[in-house]
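Listing of entry.csv; format and content: CSV, C-alpha atoms.
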```
chain,number,residue,atom,x,y,z
A,1065,MET,CA,210.4,42.2,-1.3
A,1066,LYS,CA,211.1,39.6,1.4
A,1067,ASN,CA,210.4,42.2,4.1
A,1068,PHE,CA,207.1,43.2,2.5
A,1069,ILE,CA,206.0,39.5,2.4
A,1070,ALA,CA,207.1,39.0,6.0
A,1071,THR,CA,205.2,42.1,7.2
A,1072,LEU,CA,202.1,41.1,5.3
A,1073,SER,CA,202.2,37.6,6.8
A,1074,LEU,CA,202.5,39.0,10.3
A,1075,MET,CA,199.6,41.4,9.7
A,1076,LEU,CA,197.4,38.5,8.5
A,1077,ALA,CA,198.5,36.3,11.3
A,1078,PHE,CA,197.5,38.8,14.0
A,1079,SER,CA,194.4,40.3,12.5
A,1080,PRO,CA,191.2,39.5,14.3
A,1081,VAL,CA,188.7,37.2,12.7
A,1082,LEU,CA,185.7,39.3,11.9
A,1083,ALA,CA,183.4,36.6,10.4
A,1084,GLU,CA,180.1,36.1,12.3
A,1085,ASN,CA,177.3,33.7,11.8
A,1086,ILE,CA,174.2,35.6,10.8
A,1087,TYR,CA,171.0,33.8,11.2
A,1088,ILE,CA,167.7,34.3,9.5
A,1089,ASN,CA,164.8,33.2,11.5
A,1090,GLY,CA,161.2,33.0,10.5
A,1091,ASP,CA,157.9,31.4,11.5
A,1092,VAL,CA,155.2,30.3,9.2
A,1093,GLU,CA,152.0,31.5,10.6
A,1094,SER,CA,148.7,29.9,9.7
A,1095,ARG,CA,146.6,32.6,8.1
A,1096,CYS,CA,143.2,32.9,6.6
A,1097,SER,CA,142.3,35.9,4.6
A,1098,ILE,CA,138.7,36.6,3.5
A,1099,VAL,CA,138.3,38.7,0.4
A,1100,GLN,CA,135.1,40.2,-0.9
A,1101,ASP,CA,135.5,39.2,-4.5
A,1102,THR,CA,132.2,40.4,-5.9
A,1103,ALA,CA,129.7,42.5,-4.0
A,1104,GLY,CA,126.1,41.3,-4.0
A,1105,ARG,CA,123.0,43.0,-5.3
A,1106,TRP,CA,119.4,42.1,-5.2
A,1107,GLY,CA,117.4,42.3,-8.4
A,1108,ASN,CA,113.6,42.8,-8.2
A,1109,PRO,CA,112.1,40.5,-10.9
A,1110,SER,CA,108.6,40.7,-9.5
A,1111,ALA,CA,107.0,43.0,-6.9
A,1112,ASN,CA,107.3,40.6,-4.0
A,1113,VAL,CA,110.7,39.1,-4.8
A,1114,LEU,CA,114.3,40.2,-4.3
A,1115,THR,CA,117.0,37.9,-5.6
A,1116,THR,CA,120.7,37.9,-6.2
A,1117,LEU,CA,120.3,35.7,-9.3
A,1118,PRO,CA,121.8,37.4,-12.4
A,1119,ALA,CA,118.9,36.2,-14.6
A,1120,SER,CA,116.6,38.4,-12.4
A,1121,GLY,CA,118.9,41.4,-12.5
A,1122,GLY,CA,120.8,40.6,-9.3
A,1123,GLN,CA,124.4,39.9,-8.6
A,1124,VAL,CA,125.5,36.9,-6.5
A,1125,PRO,CA,128.1,37.9,-3.9
A,1126,VAL,CA,131.4,35.9,-4.2
A,1127,ILE,CA,133.8,35.5,-1.4
A,1128,ARG,CA,137.4,34.3,-1.7
A,1129,TYR,CA,139.2,32.5,1.0
A,1130,ASP,CA,143.0,32.4,1.0
A,1131,TYR,CA,144.5,30.1,3.6
A,1132,SER,CA,148.1,29.0,3.9
A,1133,LEU,CA,147.9,25.8,5.9
A,1134,ALA,CA,145.7,22.7,5.4
A,1135,ASN,CA,143.3,21.5,8.1
A,1136,ALA,CA,143.6,24.8,10.0
A,1137,TYR,CA,140.3,26.6,9.3
A,1138,TYR,CA,136.6,26.1,8.6
A,1139,ALA,CA,134.9,28.4,6.2
A,1140,SER,CA,131.4,29.2,7.4
A,1141,ILE,CA,129.1,31.3,5.3
A,1142,SER,CA,125.6,32.5,6.3
A,1143,THR,CA,123.1,34.0,4.0
A,1144,PRO,CA,120.6,36.7,5.3
A,1145,ILE,CA,117.6,35.7,7.4
A,1146,SER,CA,116.4,39.3,7.7
A,1147,PHE,CA,117.1,42.7,6.3
A,1148,SER,CA,119.6,44.7,8.1
A,1149,SER,CA,117.8,47.8,6.8
A,1150,SER,CA,114.6,48.2,4.8
A,1151,PRO,CA,111.5,50.2,4.6
A,1152,SER,CA,108.7,49.3,7.1
A,1153,LEU,CA,107.3,45.9,6.0
A,1154,SER,CA,103.6,45.1,6.6
A,1155,ASP,CA,103.9,41.4,5.9
A,1156,SER,CA,106.3,38.6,6.6
A,1157,THR,CA,109.4,37.9,4.4
A,1158,VAL,CA,110.8,34.4,3.8
A,1159,PHE,CA,114.5,34.2,3.1
A,1160,THR,CA,116.2,31.3,1.3
A,1161,GLY,CA,119.9,31.0,0.5
A,1162,VAL,CA,122.3,28.7,-1.2
A,1163,VAL,CA,126.0,28.7,-0.6
A,1164,SER,CA,128.3,26.8,-3.0
A,1165,VAL,CA,131.9,26.4,-4.1
A,1166,THR,CA,132.4,28.2,-7.4
A,1167,GLN,CA,136.1,27.9,-8.0
A,1168,THR,CA,139.2,26.3,-6.4
A,1169,SER,CA,142.9,26.7,-6.8
A,1170,SER,CA,143.4,22.9,-6.7
A,1171,SER,CA,141.4,20.1,-8.1
A,1172,ASP,CA,141.9,18.3,-4.7
A,1173,MET,CA,139.3,20.7,-3.3
A,1174,SER,CA,136.6,19.2,-5.5
A,1175,GLY,CA,135.1,17.4,-2.6
A,1176,TYR,CA,134.5,20.5,-0.5
A,1177,GLN,CA,130.8,20.9,-1.4
A,1178,ALA,CA,129.9,17.3,-0.7
A,1179,ALA,CA,131.7,17.3,2.6
A,1180,SER,CA,130.2,20.5,3.8
A,1181,THR,CA,127.7,20.7,6.7
A,1182,THR,CA,124.9,22.9,7.7
A,1183,PRO,CA,125.3,23.8,11.4
A,1184,ALA,CA,122.3,26.2,11.0
A,1185,ALA,CA,119.5,26.5,8.4
A,1186,ASN,CA,121.1,29.5,6.7
A,1187,THR,CA,124.7,28.5,7.2
A,1188,ARG,CA,127.0,26.2,5.3
A,1189,GLN,CA,130.4,25.2,6.8
A,1190,TYR,CA,133.4,23.8,4.9
A,1191,GLY,CA,136.5,22.1,6.2
A,1192,LEU,CA,139.4,23.8,4.4
A,1193,THR,CA,141.5,20.6,4.2
A,1194,ILE,CA,143.8,21.7,1.3
A,1195,ALA,CA,145.9,24.8,1.5
A,1196,GLY,CA,145.2,27.3,-1.2
A,1197,THR,CA,142.3,29.5,-2.4
A,1198,THR,CA,138.6,28.8,-2.7
A,1199,TRP,CA,135.8,31.0,-4.0
A,1200,PHE,CA,132.3,30.7,-2.6
A,1201,SER,CA,129.0,32.2,-3.9
A,1202,ALA,CA,126.1,33.0,-1.6
A,1203,THR,CA,122.7,33.3,-3.4
A,1204,SER,CA,119.9,34.9,-1.5
A,1205,ILE,CA,116.2,35.2,-2.3
A,1206,ALA,CA,113.7,37.2,-0.2
A,1207,THR,CA,110.0,36.7,-0.8
A,1208,HIS,CA,107.5,39.0,0.7
A,1209,GLY,CA,103.9,38.4,1.8
A,1210,GLY,CA,103.8,34.6,1.8
A,1211,GLY,CA,100.8,33.3,-0.2
A,1212,ASN,CA,99.5,36.9,-0.6
A,1213,ASN,CA,102.4,37.9,-2.8
A,1214,THR,CA,102.4,41.3,-1.1
A,1215,PRO,CA,104.7,43.7,-3.0
A,1216,PHE,CA,107.8,45.0,-1.3
A,1217,PRO,CA,107.4,48.7,-0.4
A,1218,SER,CA,109.7,50.9,-2.5
A,1219,GLY,CA,113.0,51.8,-0.8
A,1220,ALA,CA,116.4,50.5,-0.2
A,1221,TYR,CA,117.0,47.0,1.2
A,1222,THR,CA,120.2,45.6,2.7
A,1223,GLY,CA,121.0,42.1,3.9
A,1224,ILE,CA,124.3,40.8,5.2
A,1225,VAL,CA,126.1,37.6,4.2
A,1226,VAL,CA,128.5,36.7,7.0
A,1227,ALA,CA,131.7,35.0,5.8
A,1228,SER,CA,133.7,33.4,8.7
A,1229,CYS,CA,137.0,31.7,8.9
A,1230,ILE,CA,137.2,29.7,12.1
A,1231,ALA,CA,140.3,28.1,13.4
A,1232,MET,CA,139.8,24.3,13.8
B,1094,MET,CA,150.6,34.5,-18.9
B,1095,ASN,CA,149.6,32.6,-15.7
B,1096,ARG,CA,151.8,34.9,-13.6
B,1097,PHE,CA,150.2,37.9,-15.2
B,1098,ALA,CA,146.8,36.5,-14.5
B,1099,LEU,CA,147.8,35.9,-10.9
B,1100,LEU,CA,149.2,39.4,-10.5
B,1101,LEU,CA,146.1,40.9,-12.1
B,1102,LEU,CA,143.9,38.8,-9.7
B,1103,LEU,CA,145.9,40.1,-6.6
B,1104,VAL,CA,145.8,43.7,-7.8
B,1105,THR,CA,142.1,43.7,-8.6
B,1106,THR,CA,140.8,41.8,-5.6
B,1107,SER,CA,143.2,42.4,-2.7
B,1108,SER,CA,141.5,45.7,-1.8
B,1109,TYR,CA,138.7,43.9,0.1
B,1110,ALA,CA,140.5,41.5,2.4
B,1111,HIS,CA,140.4,41.0,6.2
B,1112,GLN,CA,143.1,39.1,8.0
B,1113,MET,CA,143.8,38.3,11.7
B,1114,SER,CA,146.7,36.5,13.3
B,1115,PRO,CA,147.8,34.4,15.1
B,1116,ALA,CA,145.4,31.6,14.3
B,1117,TYR,CA,146.2,29.8,17.6
B,1118,PRO,CA,147.1,32.4,20.2
B,1119,LYS,CA,148.5,31.5,23.6
B,1120,LEU,CA,147.4,33.3,26.7
B,1121,GLY,CA,150.4,34.7,28.6
B,1122,LEU,CA,151.0,36.2,32.0
B,1123,THR,CA,150.4,39.9,32.8
B,1124,HIS,CA,151.5,42.2,35.6
B,1125,ILE,CA,148.0,41.7,37.1
B,1126,ALA,CA,147.4,38.6,39.2
B,1127,GLY,CA,144.6,36.4,37.9
B,1128,VAL,CA,144.6,37.9,34.4
B,1129,LYS,CA,146.0,36.5,31.2
B,1130,LYS,CA,146.7,38.4,28.1
B,1131,VAL,CA,147.0,37.7,24.4
B,1132,GLU,CA,148.3,39.9,21.6
B,1133,MET,CA,146.6,39.9,18.3
B,1134,GLN,CA,146.8,41.8,15.0
B,1135,ILE,CA,144.4,42.6,12.3
B,1136,PHE,CA,145.2,43.7,8.8
B,1137,ASN,CA,142.5,45.6,6.9
B,1138,SER,CA,142.6,45.8,3.2
B,1139,ARG,CA,138.8,46.2,2.9
B,1140,GLU,CA,138.4,49.7,1.4
B,1141,ASP,CA,134.7,49.6,2.4
B,1142,VAL,CA,135.4,48.8,6.1
B,1143,GLU,CA,136.9,51.0,8.8
B,1144,PHE,CA,135.8,49.3,12.0
B,1145,TYR,CA,136.2,45.8,13.4
B,1146,GLU,CA,134.5,44.4,16.5
B,1147,ILE,CA,136.3,42.0,18.8
B,1148,GLY,CA,134.6,39.2,20.7
B,1149,VAL,CA,135.6,36.2,22.8
B,1150,PHE,CA,133.4,33.1,22.8
B,1151,ASP,CA,133.2,29.7,24.4
B,1152,VAL,CA,132.9,26.4,22.5
B,1153,ASN,CA,129.1,27.0,22.1
B,1154,TRP,CA,129.6,30.5,20.8
B,1155,LYS,CA,128.4,32.2,24.0
B,1156,PRO,CA,130.2,35.5,24.7
B,1157,ILE,CA,132.9,35.5,27.3
B,1158,ASP,CA,133.9,38.6,29.3
B,1159,PHE,CA,137.1,40.2,28.3
B,1160,VAL,CA,138.9,43.5,28.4
B,1161,SER,CA,140.6,45.3,25.5
B,1162,LEU,CA,141.3,49.0,25.0
B,1163,TYR,CA,138.4,49.1,22.5
B,1164,ARG,CA,135.8,46.5,21.5
B,1165,ILE,CA,135.4,48.2,18.2
B,1166,ILE,CA,138.7,49.1,16.7
B,1167,LYS,CA,139.2,51.6,13.9
B,1168,ILE,CA,141.6,50.3,11.3
B,1169,ASP,CA,142.5,52.4,8.4
B,1170,TYR,CA,142.6,50.9,4.9
B,1171,LEU,CA,145.8,48.9,4.3
B,1172,SER,CA,146.8,49.2,8.0
B,1173,THR,CA,147.7,46.7,10.6
B,1174,ILE,CA,146.6,47.1,14.2
B,1175,LYS,CA,148.0,45.2,17.2
B,1176,PHE,CA,145.8,44.9,20.2
B,1177,ASP,CA,145.8,43.1,23.6
B,1178,VAL,CA,142.9,41.1,25.0
B,1179,TYR,CA,142.8,40.4,28.7
B,1180,ILE,CA,140.8,37.5,30.2
B,1181,THR,CA,140.5,36.6,33.8
B,1182,ASP,CA,141.7,33.2,35.0
B,1183,ALA,CA,138.1,32.3,35.8
B,1184,ASP,CA,137.2,32.6,32.1
B,1185,VAL,CA,140.4,31.3,30.6
B,1186,LEU,CA,139.3,27.7,30.6
B,1187,ASN,CA,136.0,28.5,28.9
B,1188,ALA,CA,137.5,30.9,26.3
B,1189,GLU,CA,137.7,29.0,23.0
B,1190,TYR,CA,137.5,31.6,20.1
B,1191,LEU,CA,138.6,35.1,19.7
B,1192,CYS,CA,136.9,36.7,16.7
B,1193,SER,CA,137.1,40.0,14.8
B,1194,ARG,CA,134.1,41.0,12.6
B,1195,SER,CA,133.9,43.8,10.1
B,1196,LYS,CA,131.3,46.5,10.8
B,1197,LEU,CA,129.4,47.5,7.7
B,1198,ARG,CA,127.7,50.8,6.8
B,1199,SER,CA,124.4,50.4,5.0
B,1200,ASP,CA,124.4,53.4,2.7
B,1201,LYS,CA,123.8,51.7,-0.6
B,1202,ASN,CA,120.6,50.5,-2.2
B,1203,ASN,CA,119.5,46.8,-2.5
B,1204,GLN,CA,122.8,45.4,-1.4
B,1205,ALA,CA,123.6,41.9,-0.1
B,1206,MET,CA,126.7,43.0,1.8
B,1207,ILE,CA,129.4,40.8,3.0
B,1208,ALA,CA,130.5,40.9,6.6
B,1209,THR,CA,133.8,39.1,7.2
B,1210,ARG,CA,134.6,37.3,10.5
B,1211,ILE,CA,137.9,35.6,11.4
B,1212,CYS,CA,138.1,33.5,14.5
B,1213,SER,CA,141.3,32.3,16.1
B,1214,ARG,CA,141.2,29.5,18.6
B,1215,PHE,CA,143.0,29.5,21.9
B,1216,LYS,CA,145.6,26.8,22.4
```
Output the file's structure as structure tokens, nothing else.
Amino acid sequence: MKNFIATLSLMLAFSPVLAENIYINGDVESRCSIVQDTAGRWGNPSANVLTTLPASGGQVPVIRYDYSLANAYYASISTPISFSSSPSLSDSTVFTGVVSVTQTSSSDMSGYQAASTTPAANTRQYGLTIAGTTWFSATSIATHGGGNNTPFPSGAYTGIVVASCIAM
Amino acid sequence: MNRFALLLLLVTTSSYAHQMSPAYPKLGLTHIAGVKKVEMQIFNSREDVEFYEIGVFDVNWKPIDFVSLYRIIKIDYLSTIKFDVYITDADVLNAEYLCSRSKLRSDKNNQAMIATRICSRFK
């Protein structure tokens, strides 16, 4: 028994130390993800009007922004100022658009709308100062013919809402 | 219940996202004198988008010349693509933003479609 203990002690004394420090490294990257939450659709409540308002048969597009760091990005959303595709139009079309915050992941974001700016007539820009998630809606109305109320020709109409996430 | 609602939200809406990183890229050296390079990556989880266009802009959003393998990159659904952007030293000081923008197909009636654009800013 004594021999066994002595042998075991020698083995332990001369065995190499195999422990290593294993490090886990990682970086937190500032990220912005833009999600098309709800696709938009124009309703046609009267012959010369296309609108995304639900009361007129349309659907307001909703865009979700997920961003992991505060004060890293601007959200900039532009409503259409022309059709990207449409039938040939004989008269002018006037576009109006409204962008607004519809939902937030934090009540601290409640000041986003009041603090937003309009760098262009059809564009609203928000400073994303609180990390989290914010939903924006972009209402668009197209009126054809000015004072003449000229009807839109039948066919398919497409407009583009541009949702940008711009690093500060 | 809240966790279930969050999971449901992620499952139901994550199929239409566009993401680009890094947010603040740094231009590095290349093997070509007078040219700087930055490596970017785009993740496409927009099922309705296959192509993204790359652009480099100055502080006033005027386009800056750059070279990349493709200006319009095909990115399959739920795929990540890494790509390099090369800018000459002459343009490096003016380059402020590097943006990717989704390219949309207009094949549906009466749509207000959503184009997504993410812009990183050079450090």
For Lys1167 in chain B, list every protein, DNA or RNA residue within 7 Å, evaluated using only C-alpha atoms, and leave out those in the same chain fewer than 6 positions away; present the list as a PyMOL selection string. chain B and resi 1143-1145
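Nearest to Ile1135 in chain B of all the residues A:Ser1097, A:Gly1191, A:Ile1086, A:Thr1160 is A:Ser1097, based on all atoms listed in the file.
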At a cut-off of 10 Å, using all atoms listed in the file, what residues contact Ala1185 in chain A? Leave out same-chain residues fewer than 4 positions from it and give the result as a list in words.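 The residues satisfying every condition are Ser1142, Thr1143, Ile1145, Thr1160 and Gly1161 of chain A.
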Selected residues, C-alpha atoms, written as a PDB file, keeping the file's coordinate frame, please.
```pdb
ATOM      1  CA  SER A1142     125.600  32.500   6.300  1.00  0.00           C
ATOM      2  CA  THR A1143     123.100  34.000   4.000  1.00  0.00           C
ATOM      3  CA  ILE A1145     117.600  35.700   7.400  1.00  0.00           C
ATOM      4  CA  THR A1160     116.200  31.300   1.300  1.00  0.00           C
ATOM      5  CA  GLY A1161     119.900  31.000   0.500  1.00  0.00           C
TER       6      GLY A1161
END
```
Have a look at CA of Ala1103 in chain A and CA of Ile1205 in chain A and let me know their distance in Å, one decimal. 15.4 Å
Mind checking which residues fall within 12 Å of Pro1118 in chain A, counting all atoms listed in the file, ignoring those fewer than 6 positions away in the same chain, and posting them as a ChimeraX atom specification? /A:1104-1109,1124-1125,1203-1205
Grab range 1104-1214 of chain B from that structure and dump C-alpha atoms to a file, as a PDB file, in the first residue's frame.
```
ATOM      1  CA  VAL B1104     -40.972  34.707 -36.403  1.00  0.00           C
ATOM      2  CA  THR B1105     -43.644  36.625 -38.233  1.00  0.00           C
ATOM      3  CA  THR B1106     -41.691  39.735 -39.166  1.00  0.00           C
ATOM      4  CA  SER B1107     -38.059  38.743 -39.499  1.00  0.00           C
ATOM      5  CA  SER B1108     -38.514  37.633 -43.097  1.00  0.00           C
ATOM      6  CA  TYR B1109     -38.327  41.192 -44.437  1.00  0.00           C
ATOM      7  CA  ALA B1110     -35.188  42.682 -42.881  1.00  0.00           C
ATOM      8  CA  HIS B1111     -32.076  44.243 -44.336  1.00  0.00           C
ATOM      9  CA  GLN B1112     -28.912  44.661 -42.299  1.00  0.00           C
ATOM     10  CA  MET B1113     -25.421  45.961 -43.102  1.00  0.00           C
ATOM     11  CA  SER B1114     -22.341  46.156 -40.913  1.00  0.00           C
ATOM     12  CA  PRO B1115     -20.058  47.568 -39.703  1.00  0.00           C
ATOM     13  CA  ALA B1116     -21.745  50.859 -38.906  1.00  0.00           C
ATOM     14  CA  TYR B1117     -18.460  52.739 -38.769  1.00  0.00           C
ATOM     15  CA  PRO B1118     -16.038  51.075 -41.200  1.00  0.00           C
ATOM     16  CA  LYS B1119     -12.374  51.993 -41.291  1.00  0.00           C
ATOM     17  CA  LEU B1120     -10.552  52.178 -44.580  1.00  0.00           C
ATOM     18  CA  GLY B1121      -7.449  50.016 -44.616  1.00  0.00           C
ATOM     19  CA  LEU B1122      -4.408  49.546 -46.801  1.00  0.00           C
ATOM     20  CA  THR B1123      -4.390  47.428 -49.934  1.00  0.00           C
ATOM     21  CA  HIS B1124      -1.639  45.929 -52.066  1.00  0.00           C
ATOM     22  CA  ILE B1125      -2.229  48.760 -54.580  1.00  0.00           C
ATOM     23  CA  ALA B1126      -0.558  52.070 -53.825  1.00  0.00           C
ATOM     24  CA  GLY B1127      -2.979  54.978 -53.502  1.00  0.00           C
ATOM     25  CA  VAL B1128      -6.038  52.811 -52.905  1.00  0.00           C
ATOM     26  CA  LYS B1129      -7.798  52.072 -49.645  1.00  0.00           C
ATOM     27  CA  LYS B1130     -10.183  49.222 -48.943  1.00  0.00           C
ATOM     28  CA  VAL B1131     -13.027  48.453 -46.584  1.00  0.00           C
ATOM     29  CA  GLU B1132     -14.791  45.140 -46.044  1.00  0.00           C
ATOM     30  CA  MET B1133     -18.547  45.184 -45.487  1.00  0.00           C
ATOM     31  CA  GLN B1134     -21.259  42.620 -45.126  1.00  0.00           C
ATOM     32  CA  ILE B1135     -24.974  42.594 -45.845  1.00  0.00           C
ATOM     33  CA  PHE B1136     -27.534  40.203 -44.458  1.00  0.00           C
ATOM     34  CA  ASN B1137     -30.700  39.780 -46.488  1.00  0.00           C
ATOM     35  CA  SER B1138     -33.786  38.448 -44.815  1.00  0.00           C
ATOM     36  CA  ARG B1139     -36.138  40.215 -47.184  1.00  0.00           C
ATOM     37  CA  GLU B1140     -37.860  37.443 -49.030  1.00  0.00           C
ATOM     38  CA  ASP B1141     -39.053  39.918 -51.663  1.00  0.00           C
ATOM     39  CA  VAL B1142     -35.573  41.302 -52.451  1.00  0.00           C
ATOM     40  CA  GLU B1143     -32.709  39.598 -54.278  1.00  0.00           C
ATOM     41  CA  PHE B1144     -30.457  42.496 -55.222  1.00  0.00           C
ATOM     42  CA  TYR B1145     -28.811  45.336 -53.313  1.00  0.00           C
ATOM     43  CA  GLU B1146     -27.055  48.347 -54.836  1.00  0.00           C
ATOM     44  CA  ILE B1147     -23.897  49.751 -53.267  1.00  0.00           C
ATOM     45  CA  GLY B1148     -23.066  53.459 -53.265  1.00  0.00           C
ATOM     46  CA  VAL B1149     -20.467  55.750 -51.721  1.00  0.00           C
ATOM     47  CA  PHE B1150     -21.383  59.383 -51.010  1.00  0.00           C
ATOM     48  CA  ASP B1151     -19.872  62.558 -49.644  1.00  0.00           C
ATOM     49  CA  VAL B1152     -21.344  64.568 -46.788  1.00  0.00           C
ATOM     50  CA  ASN B1153     -23.794  66.256 -49.214  1.00  0.00           C
ATOM     51  CA  TRP B1154     -24.908  62.889 -50.628  1.00  0.00           C
ATOM     52  CA  LYS B1155     -23.103  63.390 -53.927  1.00  0.00           C
ATOM     53  CA  PRO B1156     -21.803  60.111 -55.364  1.00  0.00           C
ATOM     54  CA  ILE B1157     -18.111  59.271 -54.952  1.00  0.00           C
ATOM     55  CA  ASP B1158     -16.238  56.994 -57.327  1.00  0.00           C
ATOM     56  CA  PHE B1159     -15.441  53.575 -55.951  1.00  0.00           C
ATOM     57  CA  VAL B1160     -14.677  50.091 -57.172  1.00  0.00           C
ATOM     58  CA  SER B1161     -16.267  46.869 -56.038  1.00  0.00           C
ATOM     59  CA  LEU B1162     -16.651  43.525 -57.706  1.00  0.00           C
ATOM     60  CA  TYR B1163     -20.286  44.360 -58.407  1.00  0.00           C
ATOM     61  CA  ARG B1164     -22.282  47.529 -57.762  1.00  0.00           C
ATOM     62  CA  ILE B1165     -25.455  45.510 -57.649  1.00  0.00           C
ATOM     63  CA  ILE B1166     -25.014  42.410 -55.550  1.00  0.00           C
ATOM     64  CA  LYS B1167     -27.258  39.378 -55.620  1.00  0.00           C
ATOM     65  CA  ILE B1168     -27.940  38.180 -52.092  1.00  0.00           C
ATOM     66  CA  ASP B1169     -30.131  35.162 -51.612  1.00  0.00           C
ATOM     67  CA  TYR B1170     -32.803  35.139 -48.961  1.00  0.00           C
ATOM     68  CA  LEU B1171     -31.339  34.582 -45.472  1.00  0.00           C
ATOM     69  CA  SER B1172     -27.786  34.877 -46.800  1.00  0.00           C
ATOM     70  CA  THR B1173     -24.878  37.069 -45.797  1.00  0.00           C
ATOM     71  CA  ILE B1174     -22.484  38.448 -48.386  1.00  0.00           C
ATOM     72  CA  LYS B1175     -19.109  39.994 -47.648  1.00  0.00           C
ATOM     73  CA  PHE B1176     -17.751  42.448 -50.171  1.00  0.00           C
ATOM     74  CA  ASP B1177     -14.824  44.842 -50.531  1.00  0.00           C
ATOM     75  CA  VAL B1178     -15.080  48.486 -51.569  1.00  0.00           C
ATOM     76  CA  TYR B1179     -11.990  50.239 -52.935  1.00  0.00           C
ATOM     77  CA  ILE B1180     -11.605  54.029 -52.879  1.00  0.00           C
ATOM     78  CA  THR B1181      -8.662  56.041 -54.153  1.00  0.00           C
ATOM     79  CA  ASP B1182      -6.713  58.199 -51.728  1.00  0.00           C
ATOM     80  CA  ALA B1183      -7.933  61.252 -53.617  1.00  0.00           C
ATOM     81  CA  ASP B1184     -11.540  60.411 -52.708  1.00  0.00           C
ATOM     82  CA  VAL B1185     -10.974  59.027 -49.225  1.00  0.00           C
ATOM     83  CA  LEU B1186     -11.222  62.405 -47.512  1.00  0.00           C
ATOM     84  CA  ASN B1187     -14.551  63.146 -49.228  1.00  0.00           C
ATOM     85  CA  ALA B1188     -16.103  59.726 -48.709  1.00  0.00           C
ATOM     86  CA  GLU B1189     -18.574  59.970 -45.835  1.00  0.00           C
ATOM     87  CA  TYR B1190     -21.255  57.312 -46.322  1.00  0.00           C
ATOM     88  CA  LEU B1191     -21.323  53.809 -47.757  1.00  0.00           C
ATOM     89  CA  CYS B1192     -24.874  52.698 -48.438  1.00  0.00           C
ATOM     90  CA  SER B1193     -26.685  49.604 -49.587  1.00  0.00           C
ATOM     91  CA  ARG B1194     -30.178  49.917 -51.022  1.00  0.00           C
ATOM     92  CA  SER B1195     -32.634  47.191 -51.861  1.00  0.00           C
ATOM     93  CA  LYS B1196     -33.705  46.883 -55.495  1.00  0.00           C
ATOM     94  CA  LEU B1197     -37.415  46.272 -55.886  1.00  0.00           C
ATOM     95  CA  ARG B1198     -39.412  44.555 -58.584  1.00  0.00           C
ATOM     96  CA  SER B1199     -42.649  46.229 -59.556  1.00  0.00           C
ATOM     97  CA  ASP B1200     -44.806  43.282 -60.392  1.00  0.00           C
ATOM     98  CA  LYS B1201     -47.780  43.885 -58.114  1.00  0.00           C
ATOM     99  CA  ASN B1202     -50.762  46.172 -58.490  1.00  0.00           C
ATOM    100  CA  ASN B1203     -51.262  49.446 -56.602  1.00  0.00           C
ATOM    101  CA  GLN B1204     -48.388  48.932 -54.183  1.00  0.00           C
ATOM    102  CA  ALA B1205     -46.616  51.466 -52.018  1.00  0.00           C
ATOM    103  CA  MET B1206     -43.454  49.410 -51.832  1.00  0.00           C
ATOM    104  CA  ILE B1207     -40.738  49.834 -49.236  1.00  0.00           C
ATOM    105  CA  ALA B1208     -37.131  50.238 -50.338  1.00  0.00           C
ATOM    106  CA  THR B1209     -34.664  49.853 -47.482  1.00  0.00           C
ATOM    107  CA  ARG B1210     -31.341  51.670 -47.362  1.00  0.00           C
ATOM    108  CA  ILE B1211     -28.657  51.353 -44.713  1.00  0.00           C
ATOM    109  CA  CYS B1212     -25.731  53.755 -44.646  1.00  0.00           C
ATOM    110  CA  SER B1213     -22.537  53.239 -42.707  1.00  0.00           C
ATOM    111  CA  ARG B1214     -20.312  56.201 -41.980  1.00  0.00           C
TER     112      ARG B1214
END
```
